[in-house]
$ cat work.cif   # mmCIF, C-alpha atoms and all ligand atoms
data_data
#
loop_
_atom_site.label_atom_id
_atom_site.label_comp_id
_atom_site.auth_asym_id
_atom_site.auth_seq_id
_atom_site.Cartn_x
_atom_site.Cartn_y
_atom_site.Cartn_z
CA MET A 611 0.00 0.00 0.00
CA THR A 612 1.29 3.43 -0.96
CA ALA A 613 0.78 5.94 1.84
CA GLY A 614 -0.96 9.23 1.05
CA ARG A 615 1.67 11.87 1.78
CA LYS A 616 0.05 15.21 1.22
CA THR A 617 -3.30 16.87 1.50
CA MET A 618 -5.63 17.89 -1.32
CA THR A 619 -8.79 19.87 -1.92
CA ALA A 620 -11.86 17.67 -2.26
CA ILE A 621 -15.61 17.60 -1.97
CA VAL A 622 -16.51 15.69 1.20
CA GLN A 623 -19.73 13.95 2.18
CA ASP A 624 -20.29 12.36 5.61
CA GLU A 625 -23.98 11.40 5.44
CA TYR A 626 -26.43 10.37 2.73
CA GLY A 627 -29.00 13.00 1.78
CA PRO A 628 -31.04 14.15 -1.23
CA ALA A 629 -30.04 17.86 -1.21
CA PRO A 630 -26.50 18.47 -2.51
CA GLU A 631 -26.26 21.82 -0.68
CA ASP A 632 -26.87 20.01 2.63
CA VAL A 633 -24.52 17.07 2.33
CA LEU A 634 -21.55 18.22 0.23
CA ARG A 635 -18.81 20.55 1.43
CA ILE A 636 -15.36 21.43 0.21
CA ASP A 637 -12.47 20.54 2.50
CA GLU A 638 -8.76 19.77 2.73
CA ILE A 639 -8.22 16.03 3.22
CA ASP A 640 -5.43 13.48 2.85
CA THR A 641 -4.53 12.43 -0.68
CA PRO A 642 -5.79 8.85 -1.12
CA ALA A 643 -3.43 5.92 -0.74
CA ILE A 644 -3.50 3.29 -3.50
CA GLU A 645 -3.32 -0.48 -3.37
CA ALA A 646 -0.87 -2.51 -5.51
CA ASP A 647 -3.48 -2.95 -8.26
CA GLU A 648 -4.66 0.68 -8.36
CA VAL A 649 -3.77 3.92 -10.11
CA LEU A 650 -3.67 7.37 -8.51
CA VAL A 651 -4.98 9.97 -10.94
CA ARG A 652 -4.38 13.72 -10.70
CA VAL A 653 -7.92 14.74 -11.65
CA HIS A 654 -8.15 17.65 -14.10
CA ALA A 655 -11.88 17.35 -14.70
CA THR A 656 -14.86 15.25 -13.65
CA SER A 657 -18.58 15.34 -14.41
CA VAL A 658 -22.04 15.01 -12.94
CA ASP A 659 -24.79 12.61 -13.98
CA ARG A 660 -27.94 11.09 -12.53
CA GLY A 661 -25.85 8.38 -10.92
CA THR A 662 -24.01 11.09 -8.98
CA TRP A 663 -27.27 11.99 -7.27
CA HIS A 664 -28.18 8.36 -6.56
CA VAL A 665 -24.78 7.67 -4.98
CA MET A 666 -24.97 10.95 -2.99
CA ALA A 667 -28.52 10.32 -1.77
CA GLY A 668 -28.09 6.57 -1.21
CA LEU A 669 -31.36 6.15 -3.13
CA PRO A 670 -32.99 3.94 -4.16
CA TYR A 671 -31.80 1.86 -1.20
CA PRO A 672 -30.46 -1.07 -3.26
CA ILE A 673 -27.63 1.22 -4.41
CA ARG A 674 -26.27 1.01 -0.83
CA LEU A 675 -26.05 -2.76 -1.19
CA ALA A 676 -24.17 -2.33 -4.46
CA GLY A 677 -21.05 -1.32 -2.54
CA PHE A 678 -21.58 2.38 -1.83
CA GLY A 679 -22.08 2.01 1.95
CA LEU A 680 -25.07 0.69 3.90
CA TRP A 681 -25.58 3.43 6.53
CA ARG A 682 -23.25 6.18 5.32
CA PRO A 683 -21.28 6.81 2.13
CA LYS A 684 -18.29 4.51 1.75
CA TYR A 685 -16.39 7.02 -0.43
CA ARG A 686 -15.46 10.60 0.45
CA ASN A 687 -17.68 12.02 -2.32
CA PRO A 688 -20.02 10.70 -5.06
CA GLY A 689 -17.81 11.65 -8.07
CA ARG A 690 -16.95 8.74 -10.39
CA ASN A 691 -16.14 10.09 -13.87
CA LEU A 692 -12.66 11.50 -14.34
CA ALA A 693 -10.08 12.72 -16.80
CA GLY A 694 -6.55 13.50 -15.66
CA THR A 695 -2.93 12.48 -15.50
CA VAL A 696 -1.56 9.35 -13.85
CA GLU A 697 0.29 10.44 -10.71
CA ALA A 698 1.37 7.01 -9.42
CA VAL A 699 0.70 3.34 -10.10
CA GLY A 700 0.61 0.39 -7.70
CA SER A 701 3.33 -2.26 -7.93
CA SER A 702 1.24 -4.72 -9.99
CA VAL A 703 -0.12 -2.21 -12.51
CA THR A 704 1.38 -2.65 -15.96
CA GLY A 705 -0.76 -0.73 -18.46
CA PHE A 706 -0.21 2.82 -17.18
CA LYS A 707 2.69 4.95 -15.98
CA PRO A 708 3.01 8.35 -14.29
CA GLY A 709 2.34 11.16 -16.72
CA ASP A 710 -0.17 9.27 -18.93
CA ALA A 711 -3.30 11.26 -19.80
CA VAL A 712 -6.32 9.05 -19.01
CA PHE A 713 -10.10 9.09 -18.78
CA GLY A 714 -12.49 6.69 -17.14
CA ILE A 715 -14.07 5.86 -13.81
CA GLY A 716 -12.56 6.19 -10.36
CA GLU A 717 -13.57 6.66 -6.74
CA ALA A 718 -14.45 9.99 -5.12
CA SER A 719 -13.38 11.94 -8.19
CA PHE A 720 -14.64 15.35 -7.00
CA ALA A 721 -11.08 15.92 -5.74
CA GLU A 722 -7.59 16.81 -6.88
CA TYR A 723 -6.57 13.13 -6.71
CA ALA A 724 -8.61 9.95 -7.06
CA ARG A 725 -7.98 6.21 -6.96
CA ALA A 726 -8.96 4.17 -9.99
CA ARG A 727 -8.77 0.57 -11.17
CA PRO A 728 -6.74 0.25 -14.35
CA ASP A 729 -9.48 -1.85 -15.96
CA ARG A 730 -11.75 1.20 -15.81
CA LEU A 731 -9.30 3.60 -17.42
CA ALA A 732 -8.13 4.24 -20.99
CA PRO A 733 -5.82 6.73 -22.68
CA LYS A 734 -7.58 10.07 -23.11
CA PRO A 735 -8.73 10.79 -26.68
CA ALA A 736 -6.07 13.09 -28.10
CA ASN A 737 -8.55 15.49 -29.69
CA LEU A 738 -10.51 16.13 -26.48
CA SER A 739 -9.61 18.48 -23.63
CA PHE A 740 -9.65 17.04 -20.11
CA ASP A 741 -13.00 18.79 -19.55
CA GLN A 742 -14.49 17.15 -22.64
CA ALA A 743 -13.02 13.73 -21.82
CA ALA A 744 -14.47 13.85 -18.29
CA ALA A 745 -17.97 14.14 -19.76
CA VAL A 746 -17.66 10.82 -21.56
CA PRO A 747 -17.17 7.74 -19.33
CA ILE A 748 -20.37 6.55 -17.62
CA SER A 749 -22.94 8.24 -19.89
CA ALA A 750 -21.25 7.22 -23.13
CA LEU A 751 -20.51 3.64 -21.97
CA THR A 752 -24.21 3.32 -21.14
CA ALA A 753 -25.21 4.75 -24.53
CA LEU A 754 -22.77 2.48 -26.40
CA GLN A 755 -23.95 -0.70 -24.68
CA ALA A 756 -27.63 0.29 -25.11
CA VAL A 757 -27.20 0.91 -28.84
CA ARG A 758 -24.72 -1.81 -29.78
CA ASP A 759 -25.36 -4.73 -27.40
CA HIS A 760 -28.96 -4.44 -26.23
CA GLY A 761 -30.55 -2.49 -29.08
CA GLN A 762 -28.39 -4.22 -31.72
CA VAL A 763 -28.76 -1.17 -33.94
CA GLN A 764 -27.74 -1.74 -37.56
CA ALA A 765 -27.92 0.25 -40.76
CA GLY A 766 -31.46 1.25 -41.64
CA ARG A 767 -33.02 0.39 -38.26
CA ARG A 768 -35.51 2.94 -37.00
CA VAL A 769 -34.38 3.94 -33.51
CA LEU A 770 -36.46 5.93 -31.01
CA ILE A 771 -34.52 7.54 -28.16
CA VAL A 772 -36.80 8.68 -25.33
CA GLY A 773 -34.73 11.09 -23.24
CA ALA A 774 -32.48 12.17 -26.11
CA SER A 775 -31.44 15.51 -24.61
CA GLY A 776 -29.71 14.25 -21.46
CA GLY A 777 -26.33 12.81 -20.60
CA VAL A 778 -26.92 9.30 -21.97
CA GLY A 779 -29.27 10.42 -24.75
CA THR A 780 -26.92 12.91 -26.40
CA PHE A 781 -24.29 10.17 -26.76
CA ALA A 782 -26.91 7.61 -27.85
CA ILE A 783 -28.08 9.80 -30.76
CA GLN A 784 -24.56 10.04 -32.17
CA ILE A 785 -23.68 6.37 -31.59
CA ALA A 786 -26.95 5.13 -33.15
CA LYS A 787 -26.27 7.40 -36.16
CA SER A 788 -22.73 6.05 -36.45
CA PHE A 789 -24.18 2.49 -36.57
CA GLY A 790 -26.41 3.58 -39.46
CA GLY A 791 -29.70 3.94 -37.60
CA GLU A 792 -32.48 6.35 -38.53
CA VAL A 793 -32.82 8.21 -35.25
CA THR A 794 -35.88 9.87 -33.73
CA GLY A 795 -35.18 11.76 -30.51
CA VAL A 796 -37.83 12.52 -27.88
CA CYS A 797 -37.30 15.49 -25.56
CA SER A 798 -38.90 18.62 -24.12
CA ALA A 799 -39.71 21.62 -26.35
CA ALA A 800 -36.76 23.71 -25.17
CA LYS A 801 -34.25 21.05 -26.21
CA VAL A 802 -35.56 20.12 -29.68
CA ASP A 803 -32.92 22.21 -31.47
CA ALA A 804 -30.08 20.72 -29.42
CA VAL A 805 -31.22 17.16 -30.21
CA ARG A 806 -31.51 17.94 -33.93
CA ALA A 807 -28.06 19.56 -33.93
CA LEU A 808 -26.56 16.29 -32.64
CA GLY A 809 -27.76 14.46 -35.73
CA ALA A 810 -31.24 13.15 -34.92
CA ASP A 811 -33.18 12.67 -38.17
CA HIS A 812 -36.50 13.46 -36.47
CA VAL A 813 -37.36 15.05 -33.13
CA ILE A 814 -40.57 14.66 -31.12
CA ASP A 815 -41.45 17.18 -28.41
CA TYR A 816 -43.10 15.00 -25.77
CA SER A 817 -45.14 17.90 -24.40
CA SER A 818 -47.09 18.25 -27.65
CA ASP A 819 -46.76 14.92 -29.48
CA ASP A 820 -47.12 11.26 -28.54
CA PHE A 821 -44.49 8.98 -30.07
CA ALA A 822 -46.91 6.05 -29.70
CA ASP A 823 -49.64 7.64 -31.83
CA GLY A 824 -49.83 4.55 -34.05
CA GLU A 825 -48.46 6.36 -37.07
CA HIS A 826 -44.83 5.32 -36.62
CA ARG A 827 -43.25 2.15 -35.30
CA TYR A 828 -39.62 1.69 -34.33
CA ASP A 829 -37.30 -1.32 -34.54
CA VAL A 830 -35.44 -0.23 -31.41
CA ILE A 831 -36.59 1.96 -28.52
CA LEU A 832 -34.07 3.22 -25.96
CA ASP A 833 -36.10 4.32 -22.95
CA ILE A 834 -33.86 6.70 -21.02
CA GLY A 835 -36.32 9.12 -19.41
CA GLY A 836 -39.98 9.68 -18.68
CA ASN A 837 -41.00 6.28 -17.26
CA ARG A 838 -43.63 5.53 -19.91
CA ARG A 839 -45.78 2.51 -19.18
CA LEU A 840 -44.63 -0.69 -20.86
CA ALA A 841 -47.85 -0.91 -22.89
CA HIS A 842 -47.22 2.60 -24.23
CA LEU A 843 -43.67 1.79 -25.27
CA ARG A 844 -44.71 -1.51 -26.85
CA ARG A 845 -47.32 0.29 -28.96
CA ALA A 846 -44.52 2.21 -30.66
CA LEU A 847 -42.38 -0.90 -31.20
CA THR A 848 -42.46 -3.16 -34.29
CA PRO A 849 -43.76 -6.71 -33.62
CA ARG A 850 -40.19 -8.05 -33.37
CA GLY A 851 -38.59 -4.83 -32.14
CA ARG A 852 -36.27 -4.38 -29.16
CA LEU A 853 -37.08 -2.24 -26.13
CA VAL A 854 -34.07 -1.31 -24.00
CA ILE A 855 -34.97 0.25 -20.67
CA VAL A 856 -31.94 2.30 -19.65
CA GLY A 857 -33.41 4.35 -16.81
CA GLY A 858 -35.97 6.87 -15.70
CA GLU A 859 -36.27 8.77 -12.47
CA THR A 860 -38.97 8.01 -9.89
CA ASP A 861 -39.46 8.92 -6.22
CA GLY A 862 -39.39 5.25 -5.25
CA ARG A 863 -37.00 4.76 -2.34
CA TRP A 864 -37.01 0.97 -2.55
CA LEU A 865 -37.50 0.12 -6.19
CA GLY A 866 -36.76 3.41 -7.97
CA GLY A 867 -38.53 2.27 -11.13
CA VAL A 868 -36.93 -1.17 -11.40
CA ASP A 869 -40.37 -2.77 -10.96
CA ARG A 870 -41.08 -1.65 -14.54
CA GLN A 871 -37.83 -3.23 -15.66
CA PHE A 872 -38.62 -6.52 -13.87
CA ARG A 873 -42.03 -6.60 -15.54
CA ALA A 874 -40.36 -6.11 -18.93
CA LEU A 875 -37.98 -9.01 -18.28
CA LEU A 876 -40.83 -11.26 -17.11
CA LEU A 877 -43.01 -10.47 -20.12
CA SER A 878 -40.31 -10.65 -22.77
CA PRO A 879 -40.22 -14.48 -23.23
CA PHE A 880 -43.96 -14.52 -23.99
CA VAL A 881 -44.11 -11.83 -26.70
CA GLY A 882 -42.48 -11.32 -30.09
CA GLN A 883 -40.81 -8.12 -28.97
CA LYS A 884 -37.57 -8.28 -26.99
CA LEU A 885 -38.01 -6.29 -23.76
CA GLY A 886 -34.88 -5.80 -21.70
CA THR A 887 -32.81 -3.71 -19.38
CA PHE A 888 -29.20 -3.66 -18.24
CA VAL A 889 -26.66 -2.16 -15.88
CA ALA A 890 -23.80 -0.56 -17.79
CA SER A 891 -20.46 -2.33 -17.60
CA GLU A 892 -17.49 -0.07 -16.82
CA ASN A 893 -14.49 -1.40 -18.72
CA THR A 894 -11.39 -0.33 -20.63
CA GLU A 895 -12.38 -2.20 -23.79
CA ASP A 896 -15.51 -0.13 -24.31
CA LEU A 897 -13.73 3.09 -23.29
CA MET A 898 -11.36 2.26 -26.19
CA VAL A 899 -14.34 1.79 -28.54
CA LEU A 900 -15.60 5.23 -27.49
CA ARG A 901 -12.12 6.65 -27.98
CA GLY A 902 -12.13 5.25 -31.53
CA LEU A 903 -15.49 6.88 -32.29
CA ILE A 904 -14.22 10.18 -30.83
CA ASP A 905 -10.90 10.02 -32.72
CA SER A 906 -12.76 9.42 -35.99
CA GLY A 907 -14.98 12.45 -35.41
CA ARG A 908 -18.19 10.41 -35.10
CA LEU A 909 -18.72 11.13 -31.39
CA ALA A 910 -18.24 14.27 -29.29
CA PRO A 911 -19.56 15.15 -25.85
CA ALA A 912 -22.31 17.77 -25.79
CA ILE A 913 -21.31 19.92 -22.84
CA ASP A 914 -23.88 22.28 -21.40
CA ARG A 915 -21.83 23.97 -18.65
CA SER A 916 -18.64 23.73 -16.63
CA TYR A 917 -18.39 24.36 -12.91
CA PRO A 918 -15.40 24.77 -10.60
CA LEU A 919 -14.85 22.07 -7.94
CA SER A 920 -16.30 24.33 -5.24
CA GLU A 921 -19.65 24.36 -7.11
CA VAL A 922 -20.35 20.63 -7.47
CA ALA A 923 -23.54 21.07 -5.41
CA ALA A 924 -24.75 23.78 -7.82
CA ALA A 925 -24.05 21.49 -10.79
CA ILE A 926 -26.09 18.67 -9.24
CA ARG A 927 -28.90 21.13 -8.45
CA TYR A 928 -28.93 22.37 -12.08
CA MET A 929 -29.30 18.76 -13.26
CA LEU A 930 -32.05 17.99 -10.73
CA ASP A 931 -33.97 21.05 -11.92
CA GLY A 932 -34.05 19.51 -15.41
CA HIS A 933 -32.09 22.24 -17.19
CA THR A 934 -29.24 20.17 -18.58
CA ARG A 935 -28.67 19.71 -22.29
CA GLY A 936 -26.10 16.93 -22.50
CA LYS A 937 -23.41 16.95 -19.84
CA LEU A 938 -22.23 19.03 -16.89
CA VAL A 939 -18.49 19.14 -16.33
CA VAL A 940 -16.53 20.02 -13.19
CA THR A 941 -13.06 21.49 -13.70
CA VAL A 942 -10.65 20.68 -10.89
N1 LIG B 1 -28.77 1.27 -16.90
C1 LIG B 1 -27.66 1.89 -16.55
O1 LIG B 1 -26.60 1.27 -16.32
C2 LIG B 1 -27.66 3.40 -16.45
C3 LIG B 1 -26.47 4.11 -16.59
C4 LIG B 1 -26.52 5.51 -16.57
C5 LIG B 1 -27.74 6.15 -16.35
N2 LIG B 1 -28.86 5.41 -16.15
C6 LIG B 1 -30.16 6.07 -15.92
O2 LIG B 1 -30.58 6.66 -17.14
C7 LIG B 1 -31.40 7.77 -16.85
C8 LIG B 1 -30.92 8.98 -17.62
O3 LIG B 1 -29.64 9.37 -17.17
P1 LIG B 1 -28.99 10.72 -17.72
O4 LIG B 1 -27.68 10.86 -17.02
O5 LIG B 1 -29.04 10.73 -19.18
O6 LIG B 1 -30.02 11.80 -17.12
P2 LIG B 1 -30.27 13.30 -17.59
O7 LIG B 1 -29.05 13.87 -18.20
O8 LIG B 1 -30.89 14.01 -16.45
O9 LIG B 1 -31.35 13.13 -18.78
C9 LIG B 1 -32.69 12.77 -18.48
C10 LIG B 1 -33.44 12.71 -19.79
O10 LIG B 1 -34.78 12.29 -19.51
C11 LIG B 1 -35.64 13.10 -20.29
N3 LIG B 1 -36.99 13.18 -19.77
C12 LIG B 1 -37.41 13.68 -18.58
N4 LIG B 1 -38.76 13.59 -18.51
C13 LIG B 1 -39.17 13.01 -19.67
C14 LIG B 1 -40.44 12.64 -20.20
N5 LIG B 1 -41.56 12.83 -19.50
N6 LIG B 1 -40.48 12.07 -21.41
C15 LIG B 1 -39.36 11.85 -22.12
N7 LIG B 1 -38.13 12.18 -21.69
C16 LIG B 1 -38.05 12.75 -20.47
C17 LIG B 1 -34.96 14.45 -20.28
O11 LIG B 1 -35.48 15.24 -21.35
P3 LIG B 1 -35.86 16.79 -21.14
O12 LIG B 1 -34.77 17.37 -20.26
O13 LIG B 1 -35.84 17.32 -22.54
O14 LIG B 1 -37.17 16.81 -20.45
C18 LIG B 1 -33.52 14.06 -20.49
O15 LIG B 1 -33.25 13.85 -21.86
C19 LIG B 1 -31.35 7.97 -15.33
O16 LIG B 1 -32.51 7.41 -14.76
C20 LIG B 1 -30.12 7.21 -14.93
O17 LIG B 1 -30.19 6.76 -13.57
C21 LIG B 1 -28.85 4.06 -16.21
#
$ encode --input "work.cif" --output "structure tokens" --more "lines below"
Ligand SMILES: NC(=O)c1ccc[n+]([C@@H]2O[C@H](COP(=O)([O-])OP(=O)(O)OC[C@H]3O[C@@H](n4cnc5c(N)ncnc54)[C@H](OP(=O)(O)O)[C@@H]3O)[C@@H](O)[C@H]2O)c1
Amino acid sequence: MTAGRKTMTAIVQDEYGPAPEDVLRIDEIDTPAIEADEVLVRVHATSVDRGTWHVMAGLPYPIRLAGFGLWRPKYRNPGRNLAGTVEAVGSSVTGFKPGDAVFGIGEASFAEYARARPDRLAPKPANLSFDQAAAVPISALTALQAVRDHGQVQAGRRVLIVGASGGVGTFAIQIAKSFGGEVTGVCSAAKVDAVRALGADHVIDYSSDDFADGEHRYDVILDIGGNRRLAHLRRALTPRGRLVIVGGETDGRWLGGVDRQFRALLLSPFVGQKLGTFVASENTEDLMVLRGLIDSGRLAPAIDRSYPLSEVAAAIRYMLDGHTRGKLVVTV
């Protein structure tokens, strides 16, 4: 174990709670120590997503069982995305060395330094700044796996993305387009232009139009926001189409919307449509796939705003208020 030698500025959280202003503070704490199989990253930028709130709030409760701490947060803060420079590597780490520019997923990344597992890091795309690279990891991995693995999008497939204006959705539009899909994005009126600008072929404003009006059917539906009933989603799906439930926010403290996902999984074997859900896998291989898409100009993060480290709570509040178009970045 490498001892932490100096202090650093970091966001600190001692208790779970739903209001970022109440539970997050900025403080001077010890730089983390790393194990033999870990990397210490000097964080240049990080980002906020819906998962940040769930980890901060400890809600729905099952997230606490998923390793984030049963009664109080296990990690010093809920940051996970990061882009930065390798500061040190543990004795058994082979793929990275001090000075490497990386992006990926670490622990407590709202800080000057964060621990990370090497199998959740990749070399930073050369054509992205650290701020841009920090916007990518969790949201884009989720979008990639939804489009490629679960939606199995191919050239000519009609793809409906419900929740196209958010963190996952803005990546999903571009990735589905790069796989040759004909993409329809669903979002609120204020974000229609942003969704079209990212390459969506058609955009539906959910406040005035119903995507399940019977006029159009889609081969693949990525359900990222809005918690539509299963019957509603299935009405918009072709008879052998694929529904991929990515997420959707509810107030449920225990189930948090996963009851809808369980129902989809239970029903799927008995109908022609494939109804599924998944938890995104965080891995270097897929970060490299994203890097390839970014390097080739087919994928770029849509960044709404950047905040300084001291304003992480304000960034989370902005997201909770539903203002975000794409991603919110935190510069460290
Ligand atoms: N399965 C996984 O492994 C995984 C991984 C990452 C995230 N997620 C989940 O995926 C969801 C989205 O995450 P995110 O980071 O993309 O969140 P986000 O940036 O806050 O985006 C939320 C999206 O939902 C849309 N939305 C809200 N109300 C809607 C409605 N009534 N109808 C249609 N769309 C609506 C929003 O559109 P407007 O703003 O235009 O209203 C926005 O596009 C969250 O529930 C998150 O927990 C799951």
$ closest_residue --input "work.cif" --among "A:Leu808, A:Val899, A:Val772, A:Ala874" --to "ligand LIG 1 (chain B)" --atoms "all atoms listed in the file"
A:Val772
$ residues_near_ligand --input "work.cif" --ligand "ligand LIG 1 (chain B)" --cutoff "8 Å" --atoms "only C-alpha atoms and all ligand atoms" --output "ChimeraX atom specification"
/A:659-661,664,748-749,752,772-780,796-802,816-817,834-838,855-859,887-891,929-930,932-937
$ closest_residue --input "work.cif" --among "A:Leu897, A:Leu840, A:Leu770, A:Leu832" --to "Ala810 of chain A" --atoms "all atoms listed in the file"
A:Leu770
$ atom_distance --input "work.cif" --atom1 "atom CA of Ala743 of chain A" --atom2 "atom CA of Val653 of chain A"
11.4 Å
$ residues_around --input "work.cif" --residues "Pro642 of chain A" --least-positions-apart "5" --cutoff "12 Å" --atoms "all atoms listed in the file" --output "PyMOL selection string"
chain A and resi 611-620+648-652+685-686+697-698+716-719+721-726
$ write_last_selection --input "work.cif" --atoms "C-alpha atoms" --output "compact mmCIF listing (two decimals), in the coordinates of the input"
# COMPACT_ATOMS: atom_id res chain seq x y z
CA MET A 611 0.00 0.00 0.00
CA THR A 612 1.29 3.43 -0.96
CA ALA A 613 0.78 5.94 1.84
CA GLY A 614 -0.96 9.23 1.05
CA ARG A 615 1.67 11.87 1.78
CA LYS A 616 0.05 15.21 1.22
CA THR A 617 -3.30 16.87 1.50
CA MET A 618 -5.63 17.89 -1.32
CA THR A 619 -8.79 19.87 -1.92
CA ALA A 620 -11.86 17.67 -2.26
CA GLU A 648 -4.66 0.68 -8.36
CA VAL A 649 -3.77 3.92 -10.11
CA LEU A 650 -3.67 7.37 -8.51
CA VAL A 651 -4.98 9.97 -10.94
CA ARG A 652 -4.38 13.72 -10.70
CA TYR A 685 -16.39 7.02 -0.43
CA ARG A 686 -15.46 10.60 0.45
CA GLU A 697 0.29 10.44 -10.71
CA ALA A 698 1.37 7.01 -9.42
CA GLY A 716 -12.56 6.19 -10.36
CA GLU A 717 -13.57 6.66 -6.74
CA ALA A 718 -14.45 9.99 -5.12
CA SER A 719 -13.38 11.94 -8.19
CA ALA A 721 -11.08 15.92 -5.74
CA GLU A 722 -7.59 16.81 -6.88
CA TYR A 723 -6.57 13.13 -6.71
CA ALA A 724 -8.61 9.95 -7.06
CA ARG A 725 -7.98 6.21 -6.96
CA ALA A 726 -8.96 4.17 -9.99
$ atom_distance --input "work.cif" --atom1 "atom CA of Asp833 of chain A" --atom2 "atom CA of Gln784 of chain A"
15.8 Å
$ closest_residue --input "work.cif" --among "A:Ala925, A:Ile636, A:Ala765, A:Ile904" --to "Asn737 of chain A" --atoms "only C-alpha atoms"
A:Ile904
$ atom_distance --input "work.cif" --atom1 "atom CA of Arg908 of chain A" --atom2 "atom CA of Ile783 of chain A"
10.8 Å
$ residues_near_point --input "work.cif" --point "(-27.6, 1.3, -41.1)" --cutoff "7 Å" --atoms "all atoms listed in the file" --output "compact mmCIF listing (two decimals) with C-alpha atoms, keeping the file's coordinate frame"
# COMPACT_ATOMS: atom_id res chain seq x y z
CA GLN A 764 -27.74 -1.74 -37.56
CA ALA A 765 -27.92 0.25 -40.76
CA GLY A 766 -31.46 1.25 -41.64
CA ARG A 767 -33.02 0.39 -38.26
CA PHE A 789 -24.18 2.49 -36.57
CA GLY A 790 -26.41 3.58 -39.46
CA GLY A 791 -29.70 3.94 -37.60
$ axis_aligned_box --input "work.cif" --around "segment 785-800 of chain A" --padding-each-side "5 Å" --output "lines of an AutoDock Vina configuration file"
center_x = -31.2
center_y = 13.1
center_z = -31.8
size_x = 27.0
size_y = 31.2
size_z = 25.3
$ closest_residue --input "work.cif" --among "A:Gly862, A:Gly867, A:Pro630, A:Gly882" --to "Trp663 of chain A" --atoms "all atoms listed in the file"
A:Pro630
$ decode --input "work.cif" --residues "segment 746-757 of chain A" --atoms "N, CA and C atoms" --output "short mmCIF file (atom, residue, chain, number, x, y, z; two decimals), in the first residue's frame"
data_model
loop_
_atom_site.label_atom_id
_atom_site.label_comp_id
_atom_site.auth_asym_id
_atom_site.auth_seq_id
_atom_site.Cartn_x
_atom_site.Cartn_y
_atom_site.Cartn_z
N VAL A 746 -17.36 12.01 -20.77
CA VAL A 746 -17.66 10.82 -21.56
C VAL A 746 -17.99 9.56 -20.74
N PRO A 747 -17.18 9.16 -19.75
CA PRO A 747 -17.17 7.74 -19.33
C PRO A 747 -18.53 7.08 -19.08
N ILE A 748 -19.20 7.38 -17.98
CA ILE A 748 -20.37 6.55 -17.62
C ILE A 748 -21.51 6.76 -18.61
N SER A 749 -21.80 8.00 -18.98
CA SER A 749 -22.94 8.24 -19.89
C SER A 749 -22.71 7.61 -21.25
N ALA A 750 -21.50 7.75 -21.79
CA ALA A 750 -21.25 7.22 -23.13
C ALA A 750 -21.12 5.70 -23.12
N LEU A 751 -20.55 5.11 -22.06
CA LEU A 751 -20.51 3.64 -21.97
C LEU A 751 -21.93 3.09 -21.97
N THR A 752 -22.80 3.76 -21.21
CA THR A 752 -24.21 3.32 -21.14
C THR A 752 -24.85 3.42 -22.52
N ALA A 753 -24.62 4.55 -23.20
CA ALA A 753 -25.21 4.75 -24.53
C ALA A 753 -24.68 3.70 -25.51
N LEU A 754 -23.38 3.45 -25.47
CA LEU A 754 -22.77 2.48 -26.40
C LEU A 754 -23.38 1.10 -26.20
N GLN A 755 -23.45 0.66 -24.94
CA GLN A 755 -23.95 -0.70 -24.68
C GLN A 755 -25.45 -0.80 -24.99
N ALA A 756 -26.19 0.30 -24.78
CA ALA A 756 -27.63 0.29 -25.11
C ALA A 756 -27.82 0.15 -26.62
N VAL A 757 -27.05 0.90 -27.38
CA VAL A 757 -27.20 0.91 -28.84
C VAL A 757 -26.66 -0.36 -29.47
#
